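data-v3.cif follows (mmCIF, C-alpha atoms):
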```cif
data_entry
#
loop_
_atom_site.group_PDB
_atom_site.id
_atom_site.type_symbol
_atom_site.label_atom_id
_atom_site.label_comp_id
_atom_site.auth_asym_id
_atom_site.auth_seq_id
_atom_site.Cartn_x
_atom_site.Cartn_y
_atom_site.Cartn_z
ATOM 1 C CA ARG Z 30 6.686 5.146 -5.627
ATOM 2 C CA PRO Z 31 6.903 1.359 -5.996
ATOM 3 C CA ALA Z 32 9.428 -0.259 -3.668
ATOM 4 C CA ALA Z 33 8.826 -4.023 -3.776
ATOM 5 C CA LEU Z 34 7.232 -6.658 -5.993
ATOM 6 C CA ALA Z 35 5.830 -10.144 -5.502
ATOM 7 C CA LEU Z 36 4.269 -12.440 -8.064
ATOM 8 C CA LEU Z 37 1.523 -14.895 -7.139
ATOM 9 C CA GLY Z 38 -0.009 -16.730 -10.073
ATOM 10 C CA ASP Z 39 -1.219 -14.103 -12.520
ATOM 11 C CA ARG Z 40 -1.176 -11.288 -9.949
ATOM 12 C CA LEU Z 41 1.645 -8.807 -9.417
ATOM 13 C CA TYR Z 42 1.680 -7.177 -5.966
ATOM 14 C CA VAL Z 43 3.400 -3.793 -5.645
ATOM 15 C CA ALA Z 44 4.256 -2.070 -2.338
ATOM 16 C CA ASP Z 45 3.834 1.711 -2.483
ATOM 17 C CA PRO Z 46 5.352 3.112 0.756
ATOM 18 C CA PRO Z 47 4.336 6.790 0.479
ATOM 19 C CA ARG Z 48 0.716 5.824 -0.271
ATOM 20 C CA HIS Z 49 0.792 3.139 2.478
ATOM 21 C CA THR Z 50 -0.790 0.595 0.133
ATOM 22 C CA VAL Z 51 -0.219 -2.638 -1.729
ATOM 23 C CA GLU Z 52 -1.515 -2.475 -5.289
ATOM 24 C CA VAL Z 53 -2.483 -5.572 -7.298
ATOM 25 C CA PHE Z 54 -2.053 -5.772 -11.083
ATOM 26 C CA GLY Z 55 -2.689 -8.364 -13.749
ATOM 27 C CA LEU Z 56 0.282 -9.399 -15.836
ATOM 28 C CA ASP Z 57 -1.058 -7.221 -18.650
ATOM 29 C CA GLY Z 58 -0.719 -4.145 -16.394
ATOM 30 C CA THR Z 59 -4.402 -3.816 -15.537
ATOM 31 C CA ARG Z 60 -4.984 -2.677 -11.957
ATOM 32 C CA LEU Z 61 -7.094 -5.352 -10.284
ATOM 33 C CA ALA Z 62 -7.262 -4.154 -6.685
ATOM 34 C CA GLY Z 63 -5.420 -2.491 -3.860
ATOM 35 C CA PHE Z 64 -5.460 -2.653 -0.098
ATOM 36 C CA GLY Z 65 -4.170 -0.714 2.851
ATOM 37 C CA SER Z 66 -4.143 2.842 4.069
ATOM 38 C CA ARG Z 67 -2.122 4.889 6.543
ATOM 39 C CA GLY Z 68 -2.518 3.374 9.986
ATOM 40 C CA ASP Z 69 -0.755 2.020 13.039
ATOM 41 C CA GLY Z 70 -0.509 -1.548 14.293
ATOM 42 C CA ASP Z 71 -2.617 -4.017 12.338
ATOM 43 C CA GLU Z 72 -5.098 -1.320 11.289
ATOM 44 C CA GLY Z 73 -3.082 -0.125 8.291
ATOM 45 C CA PHE Z 74 0.378 0.354 6.856
ATOM 46 C CA HIS Z 75 3.109 2.799 7.708
ATOM 47 C CA PHE Z 76 5.513 2.522 4.772
ATOM 48 C CA PRO Z 77 5.244 -1.035 3.419
ATOM 49 C CA THR Z 78 8.681 -1.761 1.948
ATOM 50 C CA GLY Z 79 8.976 -5.502 1.316
ATOM 51 C CA LEU Z 80 6.867 -8.276 -0.224
ATOM 52 C CA ALA Z 81 7.205 -12.051 -0.531
ATOM 53 C CA VAL Z 82 4.937 -14.990 -1.211
ATOM 54 C CA ALA Z 83 5.056 -17.881 1.263
ATOM 55 C CA PRO Z 84 4.834 -21.516 0.119
ATOM 56 C CA ASP Z 85 1.229 -21.653 1.371
ATOM 57 C CA GLY Z 86 0.291 -18.814 -1.033
ATOM 58 C CA THR Z 87 -0.008 -16.049 1.539
ATOM 59 C CA LEU Z 88 1.506 -12.642 0.918
ATOM 60 C CA LEU Z 89 4.015 -11.275 3.454
ATOM 61 C CA VAL Z 90 4.358 -7.499 3.733
ATOM 62 C CA VAL Z 91 7.076 -5.679 5.690
ATOM 63 C CA ASP Z 92 5.255 -2.812 7.389
ATOM 64 C CA SER Z 93 8.433 -0.882 8.089
ATOM 65 C CA LEU Z 94 7.382 1.914 10.422
ATOM 66 C CA ASN Z 95 4.874 -0.283 12.263
ATOM 67 C CA PHE Z 96 7.834 -2.638 12.904
ATOM 68 C CA ARG Z 97 6.099 -5.825 11.846
ATOM 69 C CA VAL Z 98 5.533 -8.345 9.103
ATOM 70 C CA LYS Z 99 1.921 -8.852 8.095
ATOM 71 C CA ARG Z 100 0.420 -11.915 6.425
ATOM 72 C CA PHE Z 101 -2.416 -11.508 3.892
ATOM 73 C CA SER Z 102 -4.588 -13.769 1.787
ATOM 74 C CA PRO Z 103 -4.198 -13.258 -1.985
ATOM 75 C CA ASP Z 104 -7.285 -10.998 -1.939
ATOM 76 C CA GLY Z 105 -5.816 -8.703 0.765
ATOM 77 C CA ALA Z 106 -7.506 -10.017 3.926
ATOM 78 C CA LEU Z 107 -5.241 -9.696 6.981
ATOM 79 C CA LEU Z 108 -4.412 -13.137 8.395
ATOM 80 C CA GLY Z 109 -2.025 -12.071 11.160
ATOM 81 C CA SER Z 110 1.265 -10.358 11.923
ATOM 82 C CA PHE Z 111 4.402 -10.604 14.007
ATOM 83 C CA GLY Z 112 7.093 -8.248 15.228
ATOM 84 C CA GLU Z 113 7.475 -5.164 17.342
ATOM 85 C CA ALA Z 114 9.836 -2.222 17.717
ATOM 86 C CA GLY Z 115 12.974 -2.706 19.769
ATOM 87 C CA GLU Z 116 16.517 -3.959 19.895
ATOM 88 C CA GLY Z 117 15.922 -7.344 21.526
ATOM 89 C CA GLU Z 118 15.800 -10.792 19.954
ATOM 90 C CA GLY Z 119 13.361 -10.846 17.085
ATOM 91 C CA LYS Z 120 12.471 -7.153 17.367
ATOM 92 C CA PHE Z 121 12.811 -4.653 14.549
ATOM 93 C CA ILE Z 122 14.506 -1.272 14.384
ATOM 94 C CA ARG Z 123 14.099 -0.641 10.639
ATOM 95 C CA PRO Z 124 12.785 -3.706 8.760
ATOM 96 C CA LYS Z 125 13.119 -3.380 5.002
ATOM 97 C CA ALA Z 126 12.750 -6.523 2.854
ATOM 98 C CA VAL Z 127 11.486 -10.081 3.210
ATOM 99 C CA ALA Z 128 12.111 -13.466 1.599
ATOM 100 C CA VAL Z 129 10.743 -16.928 2.313
ATOM 101 C CA ASP Z 130 12.480 -20.254 1.739
ATOM 102 C CA ALA Z 131 10.802 -23.434 0.470
ATOM 103 C CA GLY Z 132 10.256 -24.630 4.045
ATOM 104 C CA GLY Z 133 8.417 -21.435 4.981
ATOM 105 C CA SER Z 134 11.146 -19.787 7.098
ATOM 106 C CA ILE Z 135 10.921 -15.994 6.846
ATOM 107 C CA TYR Z 136 14.013 -13.762 6.412
ATOM 108 C CA VAL Z 137 13.744 -10.017 7.102
ATOM 109 C CA THR Z 138 16.500 -7.440 6.587
ATOM 110 C CA ASP Z 139 16.822 -4.800 9.294
ATOM 111 C CA THR Z 140 18.785 -1.892 7.835
ATOM 112 C CA GLN Z 141 19.627 -0.218 11.125
ATOM 113 C CA ARG Z 142 20.708 -3.426 12.887
ATOM 114 C CA GLY Z 143 22.795 -4.558 9.923
ATOM 115 C CA GLN Z 144 21.277 -8.017 10.178
ATOM 116 C CA VAL Z 145 18.897 -10.500 8.668
ATOM 117 C CA LEU Z 146 16.387 -11.777 11.220
ATOM 118 C CA VAL Z 147 15.081 -15.293 10.639
ATOM 119 C CA PHE Z 148 11.652 -16.464 11.802
ATOM 120 C CA THR Z 149 9.642 -19.671 11.588
ATOM 121 C CA ALA Z 150 6.694 -19.819 9.212
ATOM 122 C CA ALA Z 151 4.501 -18.993 12.228
ATOM 123 C CA GLY Z 152 6.562 -15.868 13.034
ATOM 124 C CA ALA Z 153 8.633 -17.110 16.000
ATOM 125 C CA PHE Z 154 12.184 -15.714 16.088
ATOM 126 C CA ARG Z 155 14.923 -18.267 15.279
ATOM 127 C CA TYR Z 156 18.227 -16.392 14.840
ATOM 128 C CA ALA Z 157 19.984 -13.368 13.321
ATOM 129 C CA ALA Z 158 22.573 -13.512 10.529
ATOM 130 C CA GLY Z 159 25.252 -10.896 9.912
ATOM 131 C CA GLU Z 160 26.282 -7.904 11.939
ATOM 132 C CA ILE Z 161 27.183 -4.265 11.332
ATOM 133 C CA GLY Z 162 30.686 -3.804 9.970
ATOM 134 C CA ASP Z 163 32.937 -3.519 6.955
ATOM 135 C CA SER Z 164 34.367 -7.059 6.680
ATOM 136 C CA PRO Z 165 32.995 -10.024 4.719
ATOM 137 C CA GLY Z 166 29.842 -11.293 6.397
ATOM 138 C CA GLN Z 167 29.186 -7.903 7.940
ATOM 139 C CA LEU Z 168 26.494 -5.596 6.622
ATOM 140 C CA SER Z 169 25.768 -1.909 6.440
ATOM 141 C CA LEU Z 170 22.262 -0.874 5.376
ATOM 142 C CA PRO Z 171 21.074 -4.298 4.161
ATOM 143 C CA ALA Z 172 18.028 -3.955 1.948
ATOM 144 C CA GLY Z 173 16.983 -6.472 -0.721
ATOM 145 C CA ILE Z 174 17.131 -10.186 -0.039
ATOM 146 C CA ALA Z 175 16.809 -13.412 -2.041
ATOM 147 C CA ILE Z 176 17.226 -17.130 -1.375
ATOM 148 C CA GLY Z 177 18.397 -19.731 -3.867
ATOM 149 C CA GLY Z 178 21.030 -22.330 -4.626
ATOM 150 C CA GLY Z 179 21.702 -23.000 -0.948
ATOM 151 C CA ALA Z 180 22.535 -19.367 -0.212
ATOM 152 C CA LEU Z 181 21.020 -16.232 1.252
ATOM 153 C CA TYR Z 182 21.822 -13.136 -0.821
ATOM 154 C CA VAL Z 183 21.644 -9.699 0.777
ATOM 155 C CA ALA Z 184 21.941 -6.363 -1.035
ATOM 156 C CA ASP Z 185 24.306 -4.275 1.097
ATOM 157 C CA GLY Z 186 23.502 -0.626 0.389
ATOM 158 C CA GLN Z 187 26.432 1.043 2.124
ATOM 159 C CA HIS Z 188 29.073 -1.336 0.733
ATOM 160 C CA ARG Z 189 27.499 -1.315 -2.743
ATOM 161 C CA CYS Z 190 27.647 -5.093 -3.033
ATOM 162 C CA VAL Z 191 25.706 -8.296 -2.529
ATOM 163 C CA GLU Z 192 26.782 -10.516 0.372
ATOM 164 C CA ALA Z 193 26.193 -14.258 -0.004
ATOM 165 C CA PHE Z 194 25.689 -16.422 3.067
ATOM 166 C CA ARG Z 195 25.857 -20.211 2.597
ATOM 167 C CA PHE Z 196 23.494 -22.374 4.583
ATOM 168 C CA ILE Z 197 25.084 -25.097 6.688
ATOM 169 C CA GLY Z 198 23.064 -28.275 7.016
ATOM 170 C CA ASP Z 199 19.698 -28.652 5.329
ATOM 171 C CA ARG Z 200 19.318 -26.301 2.373
ATOM 172 C CA PRO Z 201 16.157 -24.210 2.185
#
```

Spell out the structure here as structure tokens.
Amino acid sequence: RPAALALLGDRLYVADPPRHTVEVFGLDGTRLAGFGSRGDGDEGFHFPTGLAVAPDGTLLVVDSLNFRVKRFSPDGALLGSFGEAGEGEGKFIRPKAVAVDAGGSIYVTDTQRGQVLVFTAAGAFRYAAGEIGDSPGQLSLPAGIAIGGGALYVADGQHRCVEAFRFIGDRP
């Protein structure tokens, strides 16, 4: 059951949460490889739900039920991870999707928190955007995320809309 896609050169990466894998395809649809299996911590995946490619060419995977974001080389070698379960600053309750801006900052939706958590390229927590609610700028079940044109776009599942947040200052 594919849930997320990322394109890196001529490779299409597909997150398959129930199989706990990331599959790799050529642009012609040929399966080239796959990596991952059911596991806790850095040893495997527990429902990978989001993918993004960082400016340095690494693949970021939201490992939802392990409450972390993992960084992989294009061939699937684990390079590191960040995150943990919890309600504190920079911790995840239910991470879902990921996006990366041109400067390498990492944006992760947390559906249960109703926020987007922002991290440095190295994985250090910077700030949270949004909050749970029903007014503009508030989110309920945020899922998909994209960055472009000086804005952060968040698919808001409960409100059946896309919220746009404008960046103030330097544009990513």

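Relative to CA of Leu88 (chain Z), CA of Ala151 (chain Z) is found at 13.3 Å.
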
Could you list, as number ranges by chain, every residue within 10 Å of Glu192 (chain Z), counting all atoms listed in the file and ignoring same-chain residues fewer than 6 positions away? Z: 159, 165-168, 171, 174, 180-185

How big is the axis-aligned box around all listed atoms of region 30-39 of chain Z once 6 Å goes on each side, and where's its centre, in Å to one decimal, as lines of an AutoDock Vina configuration file?
```
center_x = 4.1
center_y = -5.8
center_z = -8.1
size_x = 22.6
size_y = 33.9
size_z = 20.9
```

Name all residues at most 9 Å from region 114-131 of chain Z (count all atoms listed in the file; drop same-chain ones fewer than 4 positions away) and give them as JSON, numbers by chain. {"Z": [33, 77, 78, 79, 80, 81, 82, 83, 84, 89, 90, 91, 92, 93, 94, 95, 96, 97, 98, 135, 136, 137, 138, 139, 140, 141, 142, 146, 147, 148, 150, 153, 154, 155, 156, 157, 171, 172, 173, 174, 175, 176, 177, 201]}

I need the chosen residues saved as an mmCIF file, in the frame of the given file, with C-alpha atoms.
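And here is the file that came out, part.cif:
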```cif
data_model
loop_
_atom_site.group_PDB
_atom_site.id
_atom_site.type_symbol
_atom_site.label_atom_id
_atom_site.label_comp_id
_atom_site.auth_asym_id
_atom_site.auth_seq_id
_atom_site.Cartn_x
_atom_site.Cartn_y
_atom_site.Cartn_z
ATOM 1 C CA ALA Z 33 8.826 -4.023 -3.776
ATOM 2 C CA PRO Z 77 5.244 -1.035 3.419
ATOM 3 C CA THR Z 78 8.681 -1.761 1.948
ATOM 4 C CA GLY Z 79 8.976 -5.502 1.316
ATOM 5 C CA LEU Z 80 6.867 -8.276 -0.224
ATOM 6 C CA ALA Z 81 7.205 -12.051 -0.531
ATOM 7 C CA VAL Z 82 4.937 -14.990 -1.211
ATOM 8 C CA ALA Z 83 5.056 -17.881 1.263
ATOM 9 C CA PRO Z 84 4.834 -21.516 0.119
ATOM 10 C CA LEU Z 89 4.015 -11.275 3.454
ATOM 11 C CA VAL Z 90 4.358 -7.499 3.733
ATOM 12 C CA VAL Z 91 7.076 -5.679 5.690
ATOM 13 C CA ASP Z 92 5.255 -2.812 7.389
ATOM 14 C CA SER Z 93 8.433 -0.882 8.089
ATOM 15 C CA LEU Z 94 7.382 1.914 10.422
ATOM 16 C CA ASN Z 95 4.874 -0.283 12.263
ATOM 17 C CA PHE Z 96 7.834 -2.638 12.904
ATOM 18 C CA ARG Z 97 6.099 -5.825 11.846
ATOM 19 C CA VAL Z 98 5.533 -8.345 9.103
ATOM 20 C CA ILE Z 135 10.921 -15.994 6.846
ATOM 21 C CA TYR Z 136 14.013 -13.762 6.412
ATOM 22 C CA VAL Z 137 13.744 -10.017 7.102
ATOM 23 C CA THR Z 138 16.500 -7.440 6.587
ATOM 24 C CA ASP Z 139 16.822 -4.800 9.294
ATOM 25 C CA THR Z 140 18.785 -1.892 7.835
ATOM 26 C CA GLN Z 141 19.627 -0.218 11.125
ATOM 27 C CA ARG Z 142 20.708 -3.426 12.887
ATOM 28 C CA LEU Z 146 16.387 -11.777 11.220
ATOM 29 C CA VAL Z 147 15.081 -15.293 10.639
ATOM 30 C CA PHE Z 148 11.652 -16.464 11.802
ATOM 31 C CA ALA Z 150 6.694 -19.819 9.212
ATOM 32 C CA ALA Z 153 8.633 -17.110 16.000
ATOM 33 C CA PHE Z 154 12.184 -15.714 16.088
ATOM 34 C CA ARG Z 155 14.923 -18.267 15.279
ATOM 35 C CA TYR Z 156 18.227 -16.392 14.840
ATOM 36 C CA ALA Z 157 19.984 -13.368 13.321
ATOM 37 C CA PRO Z 171 21.074 -4.298 4.161
ATOM 38 C CA ALA Z 172 18.028 -3.955 1.948
ATOM 39 C CA GLY Z 173 16.983 -6.472 -0.721
ATOM 40 C CA ILE Z 174 17.131 -10.186 -0.039
ATOM 41 C CA ALA Z 175 16.809 -13.412 -2.041
ATOM 42 C CA ILE Z 176 17.226 -17.130 -1.375
ATOM 43 C CA GLY Z 177 18.397 -19.731 -3.867
ATOM 44 C CA PRO Z 201 16.157 -24.210 2.185
#
```

Nearest residue to Gly132 (chain Z) out of Z:Ala106, Z:Val145, Z:Asp85, Z:Leu170, using all atoms listed in the file? Z:Asp85

For Phe64 (chain Z), find every residue with an atom within 8 Å (counting all atoms listed in the file), except residues of its own chain fewer than 2 positions away, and show them as a ChimeraX atom specification. /Z:50-52,62,66,105

Straight-line distance linking CA of Ala158 (chain Z) with CA of Pro47 (chain Z), stated in Å to one decimal: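 It comes out at 29.1 Å.
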
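Candidate residues Z:Glu72, Z:Asp39, Z:Asp45, Z:Asp57 were compared for distance to Leu107 (chain Z), and the nearest is Z:Glu72, using all atoms listed in the file.
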
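Of the listed residues (Z:Leu61, Z:Ile197, Z:Val191, Z:Leu108), Z:Leu61 comes nearest to Val43 (chain Z); the distances count only C-alpha atoms.
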
Can you find the residues with an atom no farther than 6 Å from (-1.5, -15.1, -5.5), counting all atoms listed in the file, and report them as number ranges by chain? Z: 37-38, 40, 103

Let me make sure I understand: among Z:Ser164, Z:Phe196, Z:Ala44, Z:Phe74, which one has the smallest atom-to-atom distance to Gly178 (chain Z) if we use all atoms listed in the file?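 Ranked by minimum distance to Gly178 (chain Z), first place goes to Z:Phe196.
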
So how far away is CA of Tyr42 (chain Z) from CA of Leu56 (chain Z), in Å?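 It comes out at 10.2 Å.
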
Using the atoms already present, construct all heavy atoms for region 143-154 of chain Z and hand them back as a short mmCIF file (atom, residue, chain, number, x, y, z; two decimals), in the frame of the given file.
```
data_model
loop_
_atom_site.label_atom_id
_atom_site.label_comp_id
_atom_site.auth_asym_id
_atom_site.auth_seq_id
_atom_site.Cartn_x
_atom_site.Cartn_y
_atom_site.Cartn_z
N GLY Z 143 21.78 -3.93 10.75
CA GLY Z 143 22.80 -4.56 9.92
C GLY Z 143 22.70 -6.07 9.97
O GLY Z 143 23.71 -6.77 9.93
N GLN Z 144 21.48 -6.58 10.05
CA GLN Z 144 21.28 -8.02 10.18
C GLN Z 144 20.10 -8.50 9.35
O GLN Z 144 19.27 -7.72 8.91
CB GLN Z 144 20.98 -8.39 11.64
CG GLN Z 144 22.14 -8.20 12.57
CD GLN Z 144 21.80 -8.65 13.98
OE1 GLN Z 144 20.73 -8.32 14.50
NE2 GLN Z 144 22.70 -9.39 14.58
N VAL Z 145 20.06 -9.81 9.20
CA VAL Z 145 18.90 -10.50 8.67
C VAL Z 145 18.32 -11.29 9.83
O VAL Z 145 19.02 -12.09 10.45
CB VAL Z 145 19.27 -11.44 7.51
CG1 VAL Z 145 18.04 -12.22 7.05
CG2 VAL Z 145 19.88 -10.67 6.36
N LEU Z 146 17.06 -11.05 10.15
CA LEU Z 146 16.39 -11.78 11.22
C LEU Z 146 15.59 -12.91 10.60
O LEU Z 146 14.89 -12.72 9.60
CB LEU Z 146 15.47 -10.85 12.01
CG LEU Z 146 16.13 -9.60 12.60
CD1 LEU Z 146 15.12 -8.76 13.35
CD2 LEU Z 146 17.29 -9.97 13.49
N VAL Z 147 15.71 -14.10 11.19
CA VAL Z 147 15.08 -15.29 10.64
C VAL Z 147 14.00 -15.77 11.60
O VAL Z 147 14.24 -15.89 12.81
CB VAL Z 147 16.12 -16.41 10.39
CG1 VAL Z 147 15.47 -17.60 9.73
CG2 VAL Z 147 17.27 -15.88 9.53
N PHE Z 148 12.82 -16.05 11.03
CA PHE Z 148 11.65 -16.46 11.80
C PHE Z 148 11.09 -17.77 11.24
O PHE Z 148 11.28 -18.07 10.06
CB PHE Z 148 10.56 -15.38 11.72
CG PHE Z 148 10.98 -14.06 12.27
CD1 PHE Z 148 11.66 -13.13 11.48
CD2 PHE Z 148 10.71 -13.73 13.59
CE1 PHE Z 148 12.05 -11.91 11.98
CE2 PHE Z 148 11.11 -12.50 14.10
CZ PHE Z 148 11.78 -11.59 13.30
N THR Z 149 10.36 -18.50 12.07
CA THR Z 149 9.64 -19.67 11.59
C THR Z 149 8.49 -19.21 10.72
O THR Z 149 8.14 -18.02 10.69
CB THR Z 149 9.08 -20.50 12.75
OG1 THR Z 149 8.07 -19.73 13.41
CG2 THR Z 149 10.17 -20.92 13.74
N ALA Z 150 7.85 -20.15 10.04
CA ALA Z 150 6.69 -19.82 9.21
C ALA Z 150 5.58 -19.20 10.04
O ALA Z 150 4.80 -18.39 9.55
CB ALA Z 150 6.19 -21.07 8.49
N ALA Z 151 5.53 -19.55 11.34
CA ALA Z 151 4.50 -18.99 12.23
C ALA Z 151 4.89 -17.63 12.80
O ALA Z 151 4.09 -16.99 13.47
CB ALA Z 151 4.23 -19.97 13.36
N GLY Z 152 6.13 -17.18 12.56
CA GLY Z 152 6.56 -15.87 13.03
C GLY Z 152 7.36 -15.87 14.32
O GLY Z 152 7.63 -14.81 14.87
N ALA Z 153 7.79 -17.04 14.80
CA ALA Z 153 8.63 -17.11 16.00
C ALA Z 153 10.09 -16.87 15.61
O ALA Z 153 10.59 -17.42 14.62
CB ALA Z 153 8.48 -18.47 16.67
N PHE Z 154 10.79 -16.04 16.38
CA PHE Z 154 12.18 -15.71 16.09
C PHE Z 154 13.06 -16.96 16.22
O PHE Z 154 12.92 -17.72 17.17
CB PHE Z 154 12.68 -14.63 17.05
CG PHE Z 154 14.13 -14.29 16.87
CD1 PHE Z 154 14.55 -13.59 15.75
CD2 PHE Z 154 15.08 -14.68 17.80
CE1 PHE Z 154 15.89 -13.26 15.56
CE2 PHE Z 154 16.41 -14.37 17.63
CZ PHE Z 154 16.82 -13.65 16.51
#
```
